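Worksheet for the structure shown next.
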Amino acid sequence: MKLYHYAPKRNTVLTKGLYSISKWPHNLRAYAGRAGCGNQKGILEWLDQTFAGRSRAVSCLTEPIQWQGNDPVLKQIVSTSTLFSFELNDLINAGIVEAIWCKNGSDADGYNEIFYQVAAEEIDTSPLAWEKCDSSQGLLYGAIRHYFVVLKRGRIPAKYLKEEKI
């Protein structure tokens, strides 16, 4: 099963791999409000309280973003990012994956997130409801079902990643 992840255009994904937030903590500010603190240790602890291993997880989608003219942030993500994919079964067979969690909803700005653990064969690949995204209401990825692949070492090695042409 192919899963997708967006990374900034300037990246080292194809040489160094894809890092979880615990290994590449540059985007922790996005979690500071929900975590109730601004320091790295506190935010990582809060992440792991939401579900075990979240700080070592990589967030991914079951399809590339389907921008439908509805939300400018989606367009910005697509235009300023590189899309990578990986075969989940390859990671599982290599013993890299510890768990898989689904996030299927949250309130605005990511509060009251809904998570549940799934097996690989339970991942829902039905089309995503991109029309629900509304960044002006604080609903972007919180409105879209996506998955967190918890990695034993917090990284997907580069050999498992492919840059997608979009």
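Naming scheme: A, B, ... for chains in displayed order of the structure tokens; residues 1 onward per chain; ligands 1 onward as shown.
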Please return, as a short mmCIF file (atom, residue, chain, number, x, y, z; two decimals) with all heavy atoms, in the first residue's frame, all residues of chain A that DSSP assigns to strand (DSSP E or B) on the basis of the backbone.
```cif
data_model
loop_
_atom_site.label_atom_id
_atom_site.label_comp_id
_atom_site.auth_asym_id
_atom_site.auth_seq_id
_atom_site.Cartn_x
_atom_site.Cartn_y
_atom_site.Cartn_z
N LYS A 2 0.63 2.12 -0.96
CA LYS A 2 1.41 3.34 -1.09
C LYS A 2 0.81 4.43 -0.22
O LYS A 2 -0.40 4.67 -0.26
CB LYS A 2 1.43 3.78 -2.55
CG LYS A 2 2.37 4.96 -2.81
CD LYS A 2 2.26 5.49 -4.23
CE LYS A 2 3.09 4.67 -5.17
NZ LYS A 2 3.25 5.33 -6.49
N LEU A 3 1.67 5.11 0.56
CA LEU A 3 1.28 6.24 1.37
C LEU A 3 2.11 7.44 0.96
O LEU A 3 3.21 7.29 0.40
CB LEU A 3 1.45 5.94 2.86
CG LEU A 3 0.56 4.82 3.40
CD1 LEU A 3 0.89 4.54 4.86
CD2 LEU A 3 -0.92 5.15 3.25
N TYR A 4 1.59 8.65 1.25
CA TYR A 4 2.20 9.89 0.76
C TYR A 4 2.52 10.84 1.90
O TYR A 4 1.79 10.91 2.89
CB TYR A 4 1.25 10.58 -0.21
CG TYR A 4 0.91 9.74 -1.41
CD1 TYR A 4 -0.18 8.87 -1.37
CD2 TYR A 4 1.69 9.79 -2.55
CE1 TYR A 4 -0.48 8.07 -2.47
CE2 TYR A 4 1.39 9.00 -3.65
CZ TYR A 4 0.30 8.15 -3.60
OH TYR A 4 0.01 7.36 -4.69
N HIS A 5 3.59 11.62 1.71
CA HIS A 5 4.01 12.62 2.68
C HIS A 5 4.56 13.83 1.92
O HIS A 5 5.34 13.67 0.98
CB HIS A 5 5.09 12.05 3.60
CG HIS A 5 5.57 13.02 4.62
ND1 HIS A 5 4.96 13.18 5.84
CD2 HIS A 5 6.60 13.90 4.60
CE1 HIS A 5 5.60 14.11 6.52
NE2 HIS A 5 6.59 14.56 5.79
N TYR A 6 4.16 15.03 2.35
CA TYR A 6 4.68 16.27 1.77
C TYR A 6 5.81 16.80 2.64
O TYR A 6 5.68 16.86 3.86
CB TYR A 6 3.58 17.33 1.68
CG TYR A 6 2.60 17.05 0.57
CD1 TYR A 6 1.49 16.25 0.78
CD2 TYR A 6 2.80 17.56 -0.71
CE1 TYR A 6 0.59 15.98 -0.24
CE2 TYR A 6 1.92 17.30 -1.74
CZ TYR A 6 0.81 16.50 -1.50
OH TYR A 6 -0.06 16.24 -2.52
N ALA A 7 6.91 17.19 2.01
CA ALA A 7 8.06 17.79 2.70
C ALA A 7 8.41 19.09 1.99
O ALA A 7 8.12 19.26 0.80
CB ALA A 7 9.25 16.83 2.67
N PRO A 8 9.03 20.03 2.69
CA PRO A 8 9.44 21.28 2.03
C PRO A 8 10.29 20.98 0.80
O PRO A 8 11.00 19.97 0.75
CB PRO A 8 10.27 21.99 3.10
CG PRO A 8 9.81 21.41 4.39
CD PRO A 8 9.42 19.99 4.09
N LEU A 18 13.29 10.22 5.84
CA LEU A 18 12.19 11.05 6.35
C LEU A 18 12.15 10.89 7.86
O LEU A 18 12.00 9.78 8.38
CB LEU A 18 10.87 10.59 5.72
CG LEU A 18 9.63 11.39 6.02
CD1 LEU A 18 9.78 12.84 5.61
CD2 LEU A 18 8.44 10.77 5.29
N TYR A 19 12.30 12.02 8.56
CA TYR A 19 12.41 12.00 10.01
C TYR A 19 11.09 12.34 10.68
O TYR A 19 10.34 13.18 10.21
CB TYR A 19 13.44 13.03 10.47
CG TYR A 19 14.86 12.68 10.10
CD1 TYR A 19 15.41 13.08 8.90
CD2 TYR A 19 15.64 11.93 10.97
CE1 TYR A 19 16.71 12.75 8.56
CE2 TYR A 19 16.95 11.60 10.65
CZ TYR A 19 17.48 12.01 9.44
OH TYR A 19 18.75 11.67 9.11
N ALA A 57 6.49 9.23 14.96
CA ALA A 57 5.63 8.90 13.81
C ALA A 57 5.82 9.88 12.66
O ALA A 57 6.22 11.03 12.85
CB ALA A 57 4.17 8.88 14.23
N VAL A 58 5.49 9.40 11.48
CA VAL A 58 5.44 10.23 10.28
C VAL A 58 3.98 10.26 9.85
O VAL A 58 3.33 9.22 9.73
CB VAL A 58 6.33 9.65 9.17
CG1 VAL A 58 6.10 10.37 7.86
CG2 VAL A 58 7.80 9.72 9.57
N SER A 59 3.47 11.46 9.64
CA SER A 59 2.10 11.64 9.18
C SER A 59 2.03 11.39 7.68
O SER A 59 2.92 11.81 6.93
CB SER A 59 1.65 13.07 9.50
OG SER A 59 0.37 13.31 9.00
N CYS A 60 0.99 10.70 7.24
CA CYS A 60 0.88 10.42 5.81
C CYS A 60 -0.57 10.35 5.36
O CYS A 60 -1.49 10.19 6.16
CB CYS A 60 1.62 9.13 5.47
SG CYS A 60 1.20 7.74 6.50
N LEU A 61 -0.73 10.49 4.07
CA LEU A 61 -2.04 10.47 3.41
C LEU A 61 -2.14 9.23 2.53
O LEU A 61 -1.13 8.68 2.10
CB LEU A 61 -2.21 11.72 2.54
CG LEU A 61 -2.16 13.06 3.26
CD1 LEU A 61 -1.92 14.19 2.28
CD2 LEU A 61 -3.46 13.27 4.02
N SER A 81 5.88 22.29 -1.74
CA SER A 81 6.36 21.04 -1.18
C SER A 81 6.73 20.04 -2.26
O SER A 81 6.32 20.17 -3.41
CB SER A 81 5.28 20.41 -0.29
OG SER A 81 4.90 21.26 0.74
N THR A 82 7.47 19.04 -1.84
CA THR A 82 7.77 17.88 -2.67
C THR A 82 6.95 16.73 -2.10
O THR A 82 6.89 16.54 -0.89
CB THR A 82 9.27 17.54 -2.61
OG1 THR A 82 10.01 18.68 -3.08
CG2 THR A 82 9.60 16.33 -3.48
N LEU A 83 6.33 15.98 -2.98
CA LEU A 83 5.53 14.84 -2.57
C LEU A 83 6.37 13.58 -2.65
O LEU A 83 6.98 13.28 -3.67
CB LEU A 83 4.29 14.71 -3.48
CG LEU A 83 3.37 13.53 -3.20
CD1 LEU A 83 2.76 13.61 -1.81
CD2 LEU A 83 2.27 13.47 -4.27
N PHE A 84 6.41 12.86 -1.52
CA PHE A 84 7.12 11.59 -1.45
C PHE A 84 6.12 10.48 -1.18
O PHE A 84 5.06 10.71 -0.59
CB PHE A 84 8.16 11.62 -0.33
CG PHE A 84 9.29 12.55 -0.61
CD1 PHE A 84 9.27 13.84 -0.13
CD2 PHE A 84 10.37 12.15 -1.40
CE1 PHE A 84 10.30 14.73 -0.40
CE2 PHE A 84 11.40 13.02 -1.68
CZ PHE A 84 11.37 14.31 -1.17
N SER A 85 6.48 9.28 -1.60
CA SER A 85 5.66 8.12 -1.30
C SER A 85 6.55 7.00 -0.77
O SER A 85 7.77 7.01 -0.94
CB SER A 85 4.91 7.65 -2.55
OG SER A 85 5.82 7.15 -3.51
N PHE A 86 5.90 6.06 -0.12
CA PHE A 86 6.58 4.85 0.34
C PHE A 86 5.57 3.73 0.38
O PHE A 86 4.37 3.95 0.50
CB PHE A 86 7.26 5.05 1.71
CG PHE A 86 6.33 5.46 2.82
CD1 PHE A 86 5.70 4.51 3.60
CD2 PHE A 86 6.10 6.80 3.09
CE1 PHE A 86 4.86 4.89 4.64
CE2 PHE A 86 5.26 7.19 4.12
CZ PHE A 86 4.63 6.23 4.90
N GLU A 87 6.08 2.53 0.23
CA GLU A 87 5.26 1.34 0.32
C GLU A 87 5.24 0.87 1.77
O GLU A 87 6.28 0.45 2.31
CB GLU A 87 5.78 0.24 -0.60
CG GLU A 87 5.59 0.51 -2.08
CD GLU A 87 4.13 0.51 -2.51
OE1 GLU A 87 3.29 -0.14 -1.83
OE2 GLU A 87 3.82 1.15 -3.53
N VAL A 97 8.31 -0.50 11.31
CA VAL A 97 7.04 0.03 11.82
C VAL A 97 6.69 -0.60 13.17
O VAL A 97 6.72 -1.82 13.31
CB VAL A 97 5.90 -0.21 10.81
CG1 VAL A 97 4.56 0.23 11.36
CG2 VAL A 97 6.20 0.50 9.49
N GLU A 98 6.34 0.26 14.10
CA GLU A 98 5.91 -0.20 15.43
C GLU A 98 4.38 -0.25 15.52
O GLU A 98 3.82 -1.14 16.13
CB GLU A 98 6.45 0.77 16.48
CG GLU A 98 6.14 0.40 17.90
CD GLU A 98 6.80 1.36 18.87
OE1 GLU A 98 8.04 1.45 18.85
OE2 GLU A 98 6.07 2.02 19.63
N ALA A 99 3.71 0.74 14.94
CA ALA A 99 2.25 0.82 15.00
C ALA A 99 1.76 1.78 13.93
O ALA A 99 2.54 2.54 13.35
CB ALA A 99 1.80 1.30 16.38
N ILE A 100 0.46 1.74 13.69
CA ILE A 100 -0.19 2.67 12.76
C ILE A 100 -1.42 3.22 13.46
O ILE A 100 -2.22 2.46 14.03
CB ILE A 100 -0.60 1.96 11.44
CG1 ILE A 100 0.61 1.27 10.80
CG2 ILE A 100 -1.25 2.97 10.48
CD1 ILE A 100 0.25 0.28 9.72
N TRP A 101 -1.57 4.53 13.41
CA TRP A 101 -2.72 5.19 14.01
C TRP A 101 -3.43 6.03 12.96
O TRP A 101 -2.80 6.60 12.08
CB TRP A 101 -2.27 6.11 15.15
CG TRP A 101 -1.81 5.36 16.36
CD1 TRP A 101 -0.60 4.76 16.56
CD2 TRP A 101 -2.58 5.12 17.54
NE1 TRP A 101 -0.57 4.17 17.79
CE2 TRP A 101 -1.76 4.38 18.41
CE3 TRP A 101 -3.86 5.47 17.94
CZ2 TRP A 101 -2.19 3.96 19.67
CZ3 TRP A 101 -4.28 5.06 19.20
CH2 TRP A 101 -3.46 4.31 20.05
N CYS A 102 -4.73 6.08 13.07
CA CYS A 102 -5.55 6.91 12.19
C CYS A 102 -6.02 8.13 12.97
O CYS A 102 -6.44 8.01 14.13
CB CYS A 102 -6.76 6.13 11.69
SG CYS A 102 -7.85 7.10 10.62
N LYS A 103 -5.93 9.29 12.34
CA LYS A 103 -6.57 10.49 12.88
C LYS A 103 -7.75 10.76 11.96
O LYS A 103 -7.60 11.02 10.78
CB LYS A 103 -5.63 11.69 12.89
CG LYS A 103 -6.32 12.95 13.42
CD LYS A 103 -5.36 14.12 13.51
CE LYS A 103 -6.08 15.36 13.97
NZ LYS A 103 -5.15 16.51 14.09
N PHE A 115 -8.19 9.69 17.51
CA PHE A 115 -7.21 8.71 17.05
C PHE A 115 -7.69 7.30 17.37
O PHE A 115 -8.34 7.08 18.39
CB PHE A 115 -5.87 8.88 17.80
CG PHE A 115 -5.15 10.15 17.50
CD1 PHE A 115 -5.06 11.16 18.45
CD2 PHE A 115 -4.53 10.34 16.28
CE1 PHE A 115 -4.38 12.32 18.19
CE2 PHE A 115 -3.83 11.50 16.01
CZ PHE A 115 -3.76 12.50 16.97
N TYR A 116 -7.33 6.37 16.51
CA TYR A 116 -7.50 4.96 16.84
C TYR A 116 -6.44 4.16 16.09
O TYR A 116 -6.03 4.52 14.99
CB TYR A 116 -8.92 4.44 16.54
CG TYR A 116 -9.40 4.70 15.13
CD1 TYR A 116 -9.21 3.76 14.13
CD2 TYR A 116 -10.07 5.88 14.82
CE1 TYR A 116 -9.66 3.98 12.83
CE2 TYR A 116 -10.53 6.11 13.53
CZ TYR A 116 -10.32 5.17 12.54
OH TYR A 116 -10.76 5.40 11.27
N GLN A 117 -5.98 3.11 16.74
CA GLN A 117 -4.94 2.28 16.15
C GLN A 117 -5.55 1.34 15.11
O GLN A 117 -6.68 0.85 15.30
CB GLN A 117 -4.23 1.48 17.24
CG GLN A 117 -2.95 0.85 16.75
CD GLN A 117 -2.11 0.29 17.89
OE1 GLN A 117 -2.50 0.32 19.05
NE2 GLN A 117 -0.96 -0.26 17.54
N VAL A 118 -4.81 1.12 14.03
CA VAL A 118 -5.28 0.24 12.95
C VAL A 118 -4.15 -0.70 12.53
O VAL A 118 -2.98 -0.42 12.74
CB VAL A 118 -5.76 1.04 11.71
CG1 VAL A 118 -6.95 1.91 12.05
CG2 VAL A 118 -4.65 1.86 11.10
N ASP A 134 -10.83 23.83 5.40
CA ASP A 134 -11.11 25.25 5.47
C ASP A 134 -10.16 25.87 6.50
O ASP A 134 -10.47 25.93 7.68
CB ASP A 134 -12.57 25.50 5.86
CG ASP A 134 -12.95 26.96 5.84
OD1 ASP A 134 -12.06 27.83 5.69
OD2 ASP A 134 -14.15 27.25 5.98
N LEU A 139 -9.51 24.30 10.06
CA LEU A 139 -9.72 22.90 9.65
C LEU A 139 -8.94 22.61 8.38
O LEU A 139 -9.35 22.98 7.28
CB LEU A 139 -11.21 22.64 9.41
CG LEU A 139 -12.10 22.75 10.64
CD1 LEU A 139 -13.57 22.68 10.24
CD2 LEU A 139 -11.76 21.66 11.65
N HIS A 146 -6.20 10.86 8.01
CA HIS A 146 -4.82 10.55 7.67
C HIS A 146 -4.21 9.66 8.73
O HIS A 146 -4.84 9.38 9.75
CB HIS A 146 -4.00 11.83 7.43
CG HIS A 146 -3.92 12.77 8.58
ND1 HIS A 146 -4.98 13.54 8.99
CD2 HIS A 146 -2.90 13.07 9.41
CE1 HIS A 146 -4.61 14.28 10.02
NE2 HIS A 146 -3.36 14.01 10.31
N TYR A 147 -3.02 9.20 8.45
CA TYR A 147 -2.42 8.15 9.27
C TYR A 147 -1.06 8.58 9.81
O TYR A 147 -0.38 9.40 9.21
CB TYR A 147 -2.30 6.86 8.46
CG TYR A 147 -3.65 6.31 8.12
CD1 TYR A 147 -4.33 6.71 6.97
CD2 TYR A 147 -4.30 5.43 8.98
CE1 TYR A 147 -5.60 6.24 6.69
CE2 TYR A 147 -5.57 4.95 8.70
CZ TYR A 147 -6.22 5.36 7.56
OH TYR A 147 -7.48 4.90 7.28
N PHE A 148 -0.72 7.99 10.93
CA PHE A 148 0.58 8.17 11.54
C PHE A 148 1.25 6.81 11.61
O PHE A 148 0.73 5.90 12.26
CB PHE A 148 0.44 8.74 12.96
CG PHE A 148 -0.04 10.16 12.99
CD1 PHE A 148 -1.39 10.45 12.93
CD2 PHE A 148 0.86 11.21 13.09
CE1 PHE A 148 -1.84 11.74 12.95
CE2 PHE A 148 0.42 12.51 13.12
CZ PHE A 148 -0.94 12.80 13.06
N VAL A 149 2.38 6.69 10.94
CA VAL A 149 3.14 5.45 10.98
C VAL A 149 4.21 5.65 12.04
O VAL A 149 5.12 6.48 11.89
CB VAL A 149 3.76 5.14 9.60
CG1 VAL A 149 4.61 3.88 9.67
CG2 VAL A 149 2.67 4.98 8.54
N VAL A 150 4.08 4.93 13.15
CA VAL A 150 5.04 5.02 14.25
C VAL A 150 6.25 4.18 13.88
O VAL A 150 6.12 2.98 13.59
CB VAL A 150 4.43 4.55 15.59
CG1 VAL A 150 5.46 4.64 16.71
CG2 VAL A 150 3.18 5.35 15.93
N LEU A 151 7.40 4.82 13.88
CA LEU A 151 8.64 4.18 13.45
C LEU A 151 9.51 3.84 14.66
O LEU A 151 9.68 4.67 15.55
CB LEU A 151 9.39 5.12 12.51
CG LEU A 151 8.54 5.61 11.33
CD1 LEU A 151 9.15 6.84 10.71
CD2 LEU A 151 8.37 4.49 10.33
N ARG A 155 12.50 7.21 11.93
CA ARG A 155 12.97 7.61 10.60
C ARG A 155 12.66 6.53 9.57
O ARG A 155 12.79 5.34 9.86
CB ARG A 155 14.48 7.85 10.64
CG ARG A 155 15.09 8.28 9.33
CD ARG A 155 16.58 8.57 9.48
NE ARG A 155 17.38 7.36 9.50
CZ ARG A 155 17.94 6.80 8.42
NH1 ARG A 155 17.77 7.35 7.23
NH2 ARG A 155 18.65 5.72 8.53
N ILE A 156 12.27 6.98 8.38
CA ILE A 156 12.15 6.08 7.23
C ILE A 156 13.43 6.27 6.42
O ILE A 156 13.69 7.38 5.94
CB ILE A 156 10.92 6.40 6.36
CG1 ILE A 156 9.62 6.25 7.16
CG2 ILE A 156 10.91 5.49 5.13
CD1 ILE A 156 8.37 6.67 6.39
N LEU A 161 11.94 5.55 0.05
CA LEU A 161 11.17 6.73 -0.35
C LEU A 161 11.34 7.03 -1.83
O LEU A 161 12.42 6.87 -2.40
CB LEU A 161 11.61 7.93 0.48
CG LEU A 161 11.34 7.75 1.98
CD1 LEU A 161 12.25 8.61 2.81
CD2 LEU A 161 9.88 8.05 2.27
N LYS A 162 10.25 7.49 -2.42
CA LYS A 162 10.26 7.84 -3.84
C LYS A 162 9.65 9.24 -3.98
O LYS A 162 8.61 9.54 -3.39
CB LYS A 162 9.41 6.84 -4.62
CG LYS A 162 9.27 7.16 -6.09
CD LYS A 162 8.34 6.20 -6.78
CE LYS A 162 8.10 6.67 -8.20
NZ LYS A 162 7.01 5.96 -8.85
N GLU A 163 10.31 10.07 -4.79
CA GLU A 163 9.75 11.39 -5.08
C GLU A 163 8.71 11.23 -6.18
O GLU A 163 8.98 10.63 -7.23
CB GLU A 163 10.84 12.35 -5.54
CG GLU A 163 10.31 13.75 -5.79
CD GLU A 163 11.41 14.73 -6.15
OE1 GLU A 163 12.58 14.50 -5.81
OE2 GLU A 163 11.08 15.74 -6.80
#
```
As a count of residues only, list the residues of chain A assigned to alpha helix (DSSP H) by DSSP on the backbone atoms of this structure.
37
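With only C-alpha atoms as the basis for measurement, A:Val73 is the residue among A:Val73, A:Ile21, A:Ala35, A:Thr62 that approaches Gln137 in chain A most closely.
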For CA of Leu44 in chain A and CA of Trp24 in chain A, the interatomic separation in Å (one decimal):
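A separation of 11.5 Å between them.
Taking only C-alpha atoms into account, Arg54 in chain A lies nearest to A:Arg153 out of the set A:Gly138, A:Asn11, A:Arg153, A:Ala143.
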Among listed residues A:Tyr31, A:Trp67, A:Trp130, A:Phe51, nearest Ile114 in chain A (using only C-alpha atoms):
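Checking each candidate against Ile114 in chain A, we get A:Phe51 as the closest.
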Test item: residues at most 7 Å from Ser22 in chain A, only C-alpha atoms, excluding those fewer than 3 positions along its chain, as an NGL selection string
:A and (25 or 44 or 55-56 or 154)
Taking N, CA and C atoms for each residue, export the selection above as a compact mmCIF listing (two decimals), in the first residue's frame.
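Ended up saving to result02.txt:
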```
# COMPACT_ATOMS: atom_id res chain seq x y z
N PRO A 25 12.91 18.22 15.09
CA PRO A 25 11.89 18.97 15.84
C PRO A 25 11.71 20.43 15.44
N LEU A 44 7.09 17.07 23.14
CA LEU A 44 7.26 15.65 22.77
C LEU A 44 6.55 14.73 23.76
N SER A 55 5.55 10.90 18.81
CA SER A 55 6.72 11.73 18.53
C SER A 55 7.68 11.03 17.56
N ARG A 56 7.54 9.73 17.38
CA ARG A 56 8.38 8.98 16.44
C ARG A 56 7.62 8.61 15.17
N GLY A 154 12.19 6.30 14.56
CA GLY A 154 11.80 7.66 14.22
C GLY A 154 12.22 8.14 12.85
```
Who sits within 12 Å of Ile43 in chain A, only C-alpha atoms, same chain under 3 positions skipped, as a count of residues only
25
Which of these residues is nearest to Ala94 in chain A, using only C-alpha atoms: A:Lys9, A:Lys152, A:Lys16, A:Lys23?
A:Lys152
Measuring atom to atom with only C-alpha atoms, identify which of A:Cys133, A:Glu164, A:Asn104, A:Pro157 is nearest to Pro72 in chain A.
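So, comparing all the options, the nearest one is A:Cys133.
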My list of candidates is A:Lys165, A:Lys159, A:Ile92, A:Ile77. Which is closest to Tyr141 in chain A when distances are computed with only C-alpha atoms?
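Among the listed residues, the smallest separation from Tyr141 in chain A belongs to A:Ile77.
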Mind pulling up the distance from CA of Ser20 in chain A to CA of Lys41 in chain A?
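Answer for the CA of Lys41 in chain A to CA of Ser20 in chain A separation: 14.6 Å.
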